[in-house]
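Below is model_8.txt, which holds compact mmCIF, C-alpha atoms.
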# COMPACT_ATOMS: atom_id res chain seq x y z
CA MET T 1 -3.80 6.54 -14.98
CA ILE T 2 -4.21 2.79 -14.59
CA VAL T 3 -7.31 1.29 -12.98
CA ALA T 4 -7.06 -2.33 -11.93
CA ASP T 5 -10.57 -3.72 -12.20
CA ASN T 6 -10.35 -6.35 -9.48
CA GLY T 7 -13.26 -8.61 -10.39
CA SER T 8 -15.93 -5.91 -10.03
CA THR T 9 -19.50 -6.67 -11.07
CA ASP T 10 -20.69 -3.08 -11.47
CA GLY T 11 -19.85 -0.33 -13.97
CA THR T 12 -16.36 0.39 -12.67
CA ALA T 13 -14.48 -0.58 -15.84
CA ARG T 14 -16.87 1.29 -18.13
CA VAL T 15 -16.82 4.49 -16.11
CA ALA T 16 -13.03 4.40 -15.77
CA ARG T 17 -12.58 4.01 -19.53
CA GLU T 18 -15.04 6.83 -20.21
CA ARG T 19 -12.96 9.08 -17.95
CA GLY T 20 -9.77 8.29 -19.85
CA ALA T 21 -8.14 5.67 -17.63
CA GLN T 22 -6.35 2.57 -18.86
CA VAL T 23 -8.34 -0.32 -17.41
CA ILE T 24 -6.56 -3.56 -16.54
CA SER T 25 -8.69 -6.60 -15.76
CA GLU T 26 -7.59 -8.73 -12.82
CA PRO T 27 -10.40 -11.19 -12.04
CA ARG T 28 -8.66 -12.65 -8.98
CA ARG T 29 -9.87 -11.00 -5.80
CA GLY T 30 -7.24 -9.54 -3.53
CA TYR T 31 -5.68 -6.12 -3.03
CA GLY T 32 -2.22 -7.34 -3.93
CA TYR T 33 -3.45 -8.98 -7.13
CA ALA T 34 -4.85 -5.62 -8.28
CA CYS T 35 -1.63 -3.76 -7.48
CA LEU T 36 0.54 -6.38 -9.16
CA ALA T 37 -1.60 -6.14 -12.29
CA GLY T 38 -1.13 -2.38 -12.29
CA ILE T 39 2.64 -2.71 -11.90
CA ALA T 40 2.79 -5.15 -14.81
CA SER T 41 1.11 -2.53 -16.98
CA LEU T 42 3.43 0.38 -16.16
CA PRO T 43 4.96 1.96 -19.27
CA ALA T 44 8.69 1.36 -19.73
CA GLU T 45 9.48 5.06 -19.32
CA ALA T 46 7.68 5.43 -15.96
CA GLU T 47 9.93 6.78 -13.21
CA ILE T 48 7.46 7.03 -10.32
CA ALA T 49 4.38 4.95 -9.49
CA ALA T 50 1.65 6.08 -7.11
CA PHE T 51 -0.96 3.85 -5.52
CA LEU T 52 -4.30 4.85 -4.02
CA ASP T 53 -7.66 3.26 -3.37
CA ALA T 54 -10.53 3.99 -5.73
CA ASP T 55 -13.27 3.96 -3.08
CA TYR T 56 -13.26 7.77 -2.56
CA SER T 57 -11.41 7.52 0.78
CA ASP T 58 -8.12 9.01 -0.48
CA TYR T 59 -7.73 12.53 -1.89
CA PRO T 60 -6.07 12.31 -5.35
CA ALA T 61 -5.40 16.06 -5.26
CA GLU T 62 -2.76 15.40 -2.58
CA LEU T 63 -0.66 13.34 -4.99
CA GLY T 64 1.43 16.44 -5.67
CA ASP T 65 2.42 16.55 -2.00
CA LEU T 66 3.69 12.96 -2.15
CA LEU T 67 5.63 13.59 -5.35
CA SER T 68 7.21 16.83 -4.12
CA THR T 69 8.29 15.08 -0.90
CA LEU T 70 9.77 12.22 -2.91
CA VAL T 71 11.83 14.67 -4.96
CA ALA T 72 12.76 17.14 -2.21
CA HIS T 73 13.91 14.44 0.21
CA ARG T 74 15.40 12.25 -2.52
CA ALA T 75 13.33 9.45 -1.07
CA ASP T 76 12.57 6.10 -2.65
CA LEU T 77 9.16 5.68 -0.99
CA VAL T 78 6.72 8.19 0.49
CA VAL T 79 3.72 6.91 2.45
CA GLY T 80 0.66 9.06 3.06
CA SER T 81 -0.18 8.78 6.77
CA ARG T 82 -3.85 8.94 7.69
CA VAL T 83 -2.82 8.92 11.35
CA LEU T 84 -0.82 12.14 10.98
CA GLY T 85 -3.40 13.79 8.73
CA HIS T 86 -7.03 14.81 9.12
CA ARG T 87 -9.48 11.91 9.25
CA GLU T 88 -13.19 12.19 8.72
CA LYS T 89 -15.05 10.79 11.71
CA GLY T 90 -15.65 7.08 11.23
CA SER T 91 -13.27 6.74 8.28
CA LEU T 92 -10.86 4.56 10.27
CA THR T 93 -12.52 1.82 12.28
CA PRO T 94 -11.32 0.92 15.79
CA GLN T 95 -9.90 -2.35 14.47
CA GLN T 96 -7.95 -0.47 11.79
CA ARG T 97 -6.47 1.92 14.36
CA ILE T 98 -5.48 -0.94 16.67
CA GLY T 99 -4.01 -2.95 13.79
CA ASN T 100 -2.02 0.05 12.58
CA TRP T 101 -0.65 0.73 16.05
CA LEU T 102 0.38 -2.89 16.64
CA SER T 103 1.94 -3.37 13.22
CA THR T 104 3.92 -0.13 13.19
CA ARG T 105 5.22 -0.76 16.72
CA LEU T 106 6.42 -4.20 15.67
CA ILE T 107 8.19 -2.74 12.64
CA ARG T 108 9.83 -0.13 14.86
CA GLN T 109 11.11 -2.84 17.21
CA LEU T 110 12.53 -4.87 14.33
CA TYR T 111 13.94 -2.12 12.11
CA GLY T 112 14.09 1.07 14.17
CA TYR T 113 11.86 3.10 11.84
CA ALA T 114 8.71 4.66 13.28
CA TYR T 115 6.00 4.36 10.63
CA THR T 116 2.65 5.65 11.83
CA ASP T 117 0.43 4.06 9.19
CA LEU T 118 0.13 1.31 6.58
CA GLY T 119 -2.04 3.56 4.42
CA PRO T 120 -2.70 2.72 0.76
CA PHE T 121 -1.83 6.19 -0.62
CA ARG T 122 1.87 6.15 -1.53
CA ALA T 123 4.44 7.02 -4.19
CA ILE T 124 7.58 5.05 -5.01
CA ARG T 125 10.33 5.27 -7.59
CA VAL T 126 9.80 2.54 -10.18
CA GLU T 127 13.43 1.46 -10.01
CA ALA T 128 13.01 0.90 -6.25
CA LEU T 129 9.68 -0.83 -6.78
CA ARG T 130 11.29 -3.33 -9.15
CA ARG T 131 14.02 -4.09 -6.61
CA LEU T 132 11.46 -4.85 -3.90
CA GLY T 133 10.07 -7.81 -5.85
CA MET T 134 6.53 -7.40 -4.52
CA ARG T 135 4.65 -10.69 -4.22
CA ASP T 136 1.83 -10.50 -1.70
CA CYS T 137 -1.57 -10.95 -3.33
CA THR T 138 -3.90 -9.92 -0.52
CA TYR T 139 -3.89 -7.98 2.75
CA GLY T 140 -0.12 -7.97 3.26
CA TRP T 141 0.65 -5.80 0.23
CA THR T 142 1.20 -2.42 1.90
CA VAL T 143 3.25 -3.73 4.80
CA GLU T 144 5.36 -5.88 2.48
CA MET T 145 6.40 -2.77 0.59
CA GLN T 146 7.20 -0.79 3.72
CA VAL T 147 9.17 -3.57 5.41
CA LYS T 148 11.13 -4.52 2.30
CA ALA T 149 12.06 -0.88 1.74
CA LEU T 150 13.62 -0.79 5.22
CA GLN T 151 15.34 -4.13 4.74
CA GLN T 152 16.98 -2.86 1.56
CA GLY T 153 18.09 0.40 3.16
CA MET T 154 15.87 2.59 1.01
CA LYS T 155 15.10 6.14 2.03
CA VAL T 156 11.47 6.36 3.17
CA ALA T 157 9.30 9.20 4.39
CA GLU T 158 5.76 9.82 5.63
CA ILE T 159 3.56 12.86 5.16
CA PRO T 160 0.08 13.65 6.52
CA VAL T 161 -2.83 12.99 4.17
CA ARG T 162 -6.55 13.43 4.59
CA TYR T 163 -8.90 10.47 4.73
CA ARG T 164 -12.67 10.18 4.46
CA LYS T 165 -15.36 7.53 4.63
CA ARG T 166 -15.28 5.26 1.64
CA ILE T 167 -18.20 4.75 -0.72
CA GLY T 168 -19.90 1.46 0.06
CA ALA T 169 -19.07 -1.12 2.72
CA SER T 170 -15.61 -2.66 2.99
CA LYS T 171 -15.38 -6.46 2.91
CA VAL T 172 -12.27 -6.16 5.07
CA SER T 173 -12.48 -3.35 7.64
CA GLY T 174 -16.28 -3.37 7.51
CA THR T 175 -16.58 -6.85 9.04
CA VAL T 176 -15.13 -8.52 12.12
CA SER T 177 -13.99 -11.59 10.19
CA GLY T 178 -12.43 -9.48 7.44
CA SER T 179 -10.57 -7.31 9.94
CA PHE T 180 -9.31 -10.39 11.80
CA LYS T 181 -8.05 -12.06 8.61
CA ALA T 182 -6.34 -8.85 7.46
CA GLY T 183 -4.71 -8.32 10.86
CA VAL T 184 -3.39 -11.87 11.01
CA LYS T 185 -2.03 -11.65 7.44
CA ILE T 186 -0.30 -8.31 8.12
CA LEU T 187 1.41 -9.57 11.29
CA TRP T 188 2.32 -12.85 9.58
CA THR T 189 3.87 -10.91 6.69
CA ILE T 190 6.00 -8.82 9.07
CA GLY T 191 7.19 -11.98 10.82
CA ARG T 192 7.84 -13.89 7.60
CA LEU T 193 9.93 -11.08 6.14
CA ALA T 194 11.93 -10.76 9.36
CA VAL T 195 12.68 -14.50 9.41
CA THR T 196 13.58 -14.52 5.71
CA MET T 197 16.02 -11.65 6.24
CA ALA T 198 17.63 -13.30 9.26
CA LYS T 199 18.07 -16.70 7.60
CA PRO T 200 21.73 -17.23 6.66
CA GLU T 201 22.60 -17.85 3.04
CA VAL T 202 23.98 -21.27 2.17
CA GLY T 203 26.63 -21.10 -0.51
CA GLY T 204 28.76 -23.59 -2.36
CA LYS T 205 32.52 -24.01 -2.25
As structure tokens, the full file:
Amino acid sequence: MIVADNGSTDGTARVARERGAQVISEPRRGYGYACLAGIASLPAEAEIAAFLDADYSDYPAELGDLLSTLVAHRADLVVGSRVLGHREKGSLTPQQRIGNWLSTRLIRQLYGYAYTDLGPFRAIRVEALRRLGMRDCTYGWTVEMQVKALQQGMKVAEIPVRYRKRIGASKVSGTVSGSFKAGVKILWTIGRLAVTMAKPEVGGK
């Protein structure tokens, strides 16, 4: 287990180490920065990487469901859908639900795949993860992975997962400004990746 300590100022790193996790320090704030730090620390023999938030909102016990789906369907990426699963009342804010709906509809129009969620809980084969070349450092991380997987013709799947209210207040979904910035970044990422894919390659003689 790898915990990316993303510039926390509380006892996160200490508690994680006491519980047996490998703690990686990433002082730069941003969801993508934390995930990229975790990827850089994967052992060479790792075959599958799973990502989930550490704010108590995801259910780690459901990791087995993601892994069994990955193996049974021979998928490259399995996303845990909070929309398809059971959600604790108030765990997804109205702005999160609207943002999810808009983003997944746009992806469906562009690529023909009907995601229902951009949820953080997911499992991916490490070989596929390396091929994606993940780069986003902030709010566009999850959608970058899902869009790039479709662009590269990877086999993807979704399964229902449970979701509950997080511990503490979110700096993103918990504020209007944070939700707006995240929404803009997610839509911008979808558009940027679509334009990049459509741009013709310029070769030499």
Contacts of segment 58-64 of chain T within 12 Å, all atoms listed in the file, excl. fewer than 2 positions in-chain, as a CSV table (one decimal) with C-alpha atoms, keeping the file's coordinate frame:
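For reference, selection01.csv as written:
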chain,number,residue,atom,x,y,z
T,1,MET,CA,-3.8,6.5,-15.0
T,48,ILE,CA,7.5,7.0,-10.3
T,49,ALA,CA,4.4,5.0,-9.5
T,50,ALA,CA,1.6,6.1,-7.1
T,51,PHE,CA,-1.0,3.8,-5.5
T,52,LEU,CA,-4.3,4.8,-4.0
T,53,ASP,CA,-7.7,3.3,-3.4
T,54,ALA,CA,-10.5,4.0,-5.7
T,55,ASP,CA,-13.3,4.0,-3.1
T,56,TYR,CA,-13.3,7.8,-2.6
T,66,LEU,CA,3.7,13.0,-2.2
T,67,LEU,CA,5.6,13.6,-5.4
T,68,SER,CA,7.2,16.8,-4.1
T,69,THR,CA,8.3,15.1,-0.9
T,70,LEU,CA,9.8,12.2,-2.9
T,71,VAL,CA,11.8,14.7,-5.0
T,72,ALA,CA,12.8,17.1,-2.2
T,78,VAL,CA,6.7,8.2,0.5
T,79,VAL,CA,3.7,6.9,2.4
T,80,GLY,CA,0.7,9.1,3.1
T,81,SER,CA,-0.2,8.8,6.8
T,82,ARG,CA,-3.8,8.9,7.7
T,85,GLY,CA,-3.4,13.8,8.7
T,86,HIS,CA,-7.0,14.8,9.1
T,87,ARG,CA,-9.5,11.9,9.2
T,88,GLU,CA,-13.2,12.2,8.7
T,91,SER,CA,-13.3,6.7,8.3
T,92,LEU,CA,-10.9,4.6,10.3
T,119,GLY,CA,-2.0,3.6,4.4
T,120,PRO,CA,-2.7,2.7,0.8
T,121,PHE,CA,-1.8,6.2,-0.6
T,122,ARG,CA,1.9,6.2,-1.5
T,123,ALA,CA,4.4,7.0,-4.2
T,124,ILE,CA,7.6,5.0,-5.0
T,159,ILE,CA,3.6,12.9,5.2
T,160,PRO,CA,0.1,13.6,6.5
T,161,VAL,CA,-2.8,13.0,4.2
T,162,ARG,CA,-6.6,13.4,4.6
T,163,TYR,CA,-8.9,10.5,4.7
T,164,ARG,CA,-12.7,10.2,4.5
T,165,LYS,CA,-15.4,7.5,4.6
T,166,ARG,CA,-15.3,5.3,1.6
T,167,ILE,CA,-18.2,4.8,-0.7
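Shortest atom-to-atom contact with Arg97 of chain T among T:Leu193, T:Asn6, T:Glu26, T:Ser179: T:Ser179, counting all atoms listed in the file.
We find atom CA of Thr189 of chain T and atom CA of Ala114 of chain T to be spaced 17.6 Å apart.
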Which value, in Å to one decimal, gives the distance between atom CA of Arg130 of chain T and atom CA of Ala21 of chain T?
23.0 Å
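Shortest atom-to-atom contact with Leu42 of chain T among T:Gly99, T:Phe180, T:Leu129, T:Val195: T:Leu129, counting all atoms listed in the file.
One distance worth recording is that between atom CA of Asp76 of chain T and atom CA of Arg29 of chain T, which is 28.4 Å.
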I'd like the contact shell of Gly191 of chain T - 10 Å cut-off, all atoms listed in the file, skipping same-chain residues fewer than 5 positions apart - returned as number ranges by chain.
T: 106-107, 110, 185-186, 196-197
Using all atoms listed in the file, which protein or nucleic acid residues come within 8 Å of segment 143-153 of chain T? Drop anything in the same chain fewer than 2 positions from it, and give the result as JSON, numbers by chain.
{"T": [77, 107, 111, 113, 118, 132, 134, 136, 140, 141, 155, 156, 186, 189, 190, 193, 197]}
Can you tell me which residues surround Ala4 of chain T at a distance of at most 7 Å, considering all atoms listed in the file, apart from same-chain residues fewer than 2 positions away, and format the answer as a list in words?
Ile2, Asn6, Val23, Ile24, Ser25, Glu26, Ala34, Ala37 and Gly38 of chain T
Name all residues at most 6 Å from Tyr33 of chain T (count only C-alpha atoms; drop same-chain ones fewer than 3 positions away) and give them as a PyMOL selection string.
chain T and resi 30+36+137
With C-alpha atoms retained, could you export that selection as a PDB file, in the frame of the given file?
ATOM      1  CA  GLY T  30      -7.240  -9.540  -3.530  1.00  0.00           C
ATOM      2  CA  LEU T  36       0.540  -6.380  -9.160  1.00  0.00           C
ATOM      3  CA  CYS T 137      -1.570 -10.950  -3.330  1.00  0.00           C
TER       4      CYS T 137
END
